[in-house]
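A quick write-up on the structure given underneath.
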Amino acid sequence: MPLVDVHAIKGVFTKQQKQEIITRITDAMVGIEGEALRGVTWVRIIEVNEGEWAIGGQPLTAAMVHQMQAGGNAEAA
């Protein structure tokens, strides 16, 4: 029974995007483990408050991630 945790900064993904993440990860795991285990494949999205997630010592915000998604530099956000 796999349990997959996805950590993300709060406000980065919409409800629809989070559902798509759950669906795709579940489908990927079932593709490996077999359809019989779909009902016991857990996927959790754990959201972290802005500023409580950092890379290289630099706290990130949802706005910075959105800037990166748009192809920009996170430091400029």
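Chain labels A, B, ... are given in the sequence in which chains occur in the structure tokens; within each chain residues are numbered consecutively from 1, and ligands are likewise numbered from 1 in the order shown.
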**Report entry** Backbone DSSP call of strand (DSSP E) for chain A, listed as a list in words
**Finding:**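 Strand (DSSP E) members of chain A, listed: Leu3, Val4, Asp5, Val6, His7, Ala8, Ile9, Trp42, Val43, Arg44, Ile45, Ile46, Glu47, Val48, Ala54, Ile55, Gln58 and Pro59 of chain A.
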Query raised in the report: By how many Å are atom CA of A:Glu33 and atom CA of A:Ala8 apart?
Result: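 Spanning atom CA of A:Glu33 to atom CA of A:Ala8 is a straight-line distance of 25.4 Å.
Shortest separation to A:Leu3 among A:Ala70, A:Ile55, A:Ala36, A:Ile22 occurs at residue A:Ile22, atoms counted being only C-alpha atoms.
For the pair atom CA of A:Gly11 and atom CA of A:Gly39, the separation is 28.5 Å.
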Query raised in the report: Can you tell me, as a PyMOL selection string, what residues are no more than 12 Å from A:Val40 when counting only C-alpha atoms, ignoring any on the same chain fewer than 3 positions away?
Result: chain A and resi 1-4+26+29-30+33-37+43
